[in-house]
Amino acid sequence: MEDDDEALLRRAGAGECGAFEALVLRHGGALRRFVVGLVGPREADDALQQGLVAAFRGAGGFRGDARARTWLFTVVRNAALRHRRREARHAHEAVPEDEALLALGLAAGWGASPERLVERSQQRALLARALGRLPARDREVVMLRDVEGLAGPEAAEVLGLAVPAMKSRLHRARLRLAAALREESLDA
Amino acid sequence: MREVGGIRCDAVLASLSDYVDGDLDVATRERIATHLAGCPECERFGAGFAAMVSALGQDPPPDLSPERVAALAALLRDGAG
Ligand SMILES: [Zn+2]
């Protein structure tokens, strides 16, 4: 019988490397994919390594009030954001928070042959490029909720947001993604 | 933009994520379903939106390479670099 994530993280917190390695084997792929979305593929391995080292060192502070996976995403995200700040190449991007939903919906193709959104979504490379076009703040919420499948409250916890704020950000990010899919397929 | 099923297109658009995520109360959910059945624009856009959200979650993450796992393990055992 396999240990659950929380038991492994507690054992890691007591200094047991092997328990932490088991967690890395289980979740490292998803964490790396998330980090690629945050800092890009070139920096991802350094940022992931820093995040996992921070997680192992901090595992003793895991209180069990979140799932271990949520906790790992939170710690690794914080490390990736620190890493991104050090790499000054990533200019800070302003994302309009109050852009009218209606304008976002129209840009996303509401009312304009939107049935093609279904076909576009099935083209993996197109979808990946569209995701890459999003502002980082939009990309991370889509990655947590839709790509990695965290539940709403878990994604909110990782992002340090209240659930309604996370949901509002997610909805706008999805509409921008649909718009980016349209643009990508026009460019293609 | 029109009103169908007691709800306007822009309100449907605003609630689409809650709709596909199953985060709505039954009454609102049914109003939106009625709207979608009677509004081709929202129905098409909603179907595309739901397909996009679902497509995002279809690929499992690639495993970390064994070399990377081994390097990490060595780093942790050496006192976490
Ligand atoms: Zn409508």
# chains A, B, ... in the order shown; residues from 1 in each chain; ligands from 1
call {"tool": "closest_atom_pairs", "arguments": {"of": "chain B", "to": "chain A", "cutoff": "8 Å", "atoms": "only C-alpha atoms", "output": "CSV"}}
result
residue,atom,partner,partner_atom,distance
B:Asp10,CA,A:Leu102,CA,6.4
B:Leu13,CA,A:Gly105,CA,7.0
B:Ala14,CA,A:Leu101,CA,6.6
B:Leu16,CA,A:His171,CA,7.8
B:Ser17,CA,A:His171,CA,5.7
B:Glu41,CA,A:Gly111,CA,5.1
B:Cys42,CA,A:Trp110,CA,7.1
B:Arg44,CA,A:Glu115,CA,5.3
B:Phe45,CA,A:Pro114,CA,5.2
B:Ala47,CA,A:Val118,CA,7.1
B:Gly48,CA,A:Val118,CA,4.5
B:Phe49,CA,A:Leu117,CA,7.0
B:Ala51,CA,A:Val118,CA,5.6
B:Met52,CA,A:Ser121,CA,4.9
B:Val53,CA,A:Asp146,CA,6.3
B:Ser54,CA,A:Asp146,CA,7.4
B:Ala55,CA,A:Ser121,CA,6.1
B:Leu56,CA,A:Val147,CA,5.1
B:Gly57,CA,A:Val147,CA,4.4
B:Gln58,CA,A:Val147,CA,7.6
B:Asp59,CA,A:Val147,CA,7.8
B:Pro60,CA,A:Ala30,CA,8.0
B:Pro61,CA,A:Ala30,CA,5.1
B:Pro62,CA,A:Gly29,CA,5.5
B:Asp63,CA,A:Gly29,CA,4.7
B:Leu64,CA,A:Gly29,CA,5.1
B:Val69,CA,A:Leu25,CA,7.4
B:Leu72,CA,A:Gln49,CA,7.0
B:Ala73,CA,A:Glu21,CA,6.5
B:Leu76,CA,A:Cys17,CA,6.8
B:Arg77,CA,A:Cys17,CA,6.6
B:Ala80,CA,A:Val53,CA,5.8
B:Gly81,CA,A:Val53,CA,7.8
call {"tool": "select_by_dssp", "arguments": {"residues": "chain B", "states": "helix (DSSP H, G or I)", "output": "PyMOL selection string"}}
result
chain B and resi 9-21+26-38+40-56+66-77
call {"tool": "residues_near_ligand", "arguments": {"ligand": "ligand 1", "cutoff": "10 Å", "atoms": "only C-alpha atoms and all ligand atoms", "output": "PyMOL selection string"}}
result
(chain A and resi 110-111) or (chain B and resi 1-5+7-13+32+35-46)
call {"tool": "atom_distance", "arguments": {"atom1": "CA of Phe62 in chain A", "atom2": "CA of Leu161 in chain A"}}
result
19.3 Å
call {"tool": "closest_residue", "arguments": {"among": "A:Pro164, A:Arg137, A:Ala179, A:Glu6", "to": "Ala66 in chain A", "atoms": "only C-alpha atoms"}}
result
A:Glu6
call {"tool": "closest_residue", "arguments": {"among": "A:Arg69, A:Arg129, A:Arg86, A:Arg63", "to": "Gly37 in chain A", "atoms": "only C-alpha atoms"}}
result
A:Arg129
call {"tool": "closest_residue", "arguments": {"among": "A:Glu99, A:Glu140, A:Glu154, A:Glu43", "to": "Arg67 in chain A", "atoms": "only C-alpha atoms"}}
result
A:Glu154
call {"tool": "select_by_dssp", "arguments": {"residues": "chain B", "states": "strand (DSSP E)", "output": "list in words"}}
result
Glu3, Val4, Ile7 and Arg8 of chain B
call {"tool": "write_last_selection", "arguments": {"atoms": "C-alpha atoms", "output": "mmCIF file, in the first residue's frame"}}
result
data_model
loop_
_atom_site.group_PDB
_atom_site.id
_atom_site.type_symbol
_atom_site.label_atom_id
_atom_site.label_comp_id
_atom_site.auth_asym_id
_atom_site.auth_seq_id
_atom_site.Cartn_x
_atom_site.Cartn_y
_atom_site.Cartn_z
ATOM 1 C CA GLU B 3 -32.682 37.704 -23.524
ATOM 2 C CA VAL B 4 -33.570 34.019 -23.705
ATOM 3 C CA ILE B 7 -31.126 35.715 -18.885
ATOM 4 C CA ARG B 8 -29.178 37.913 -21.287
#
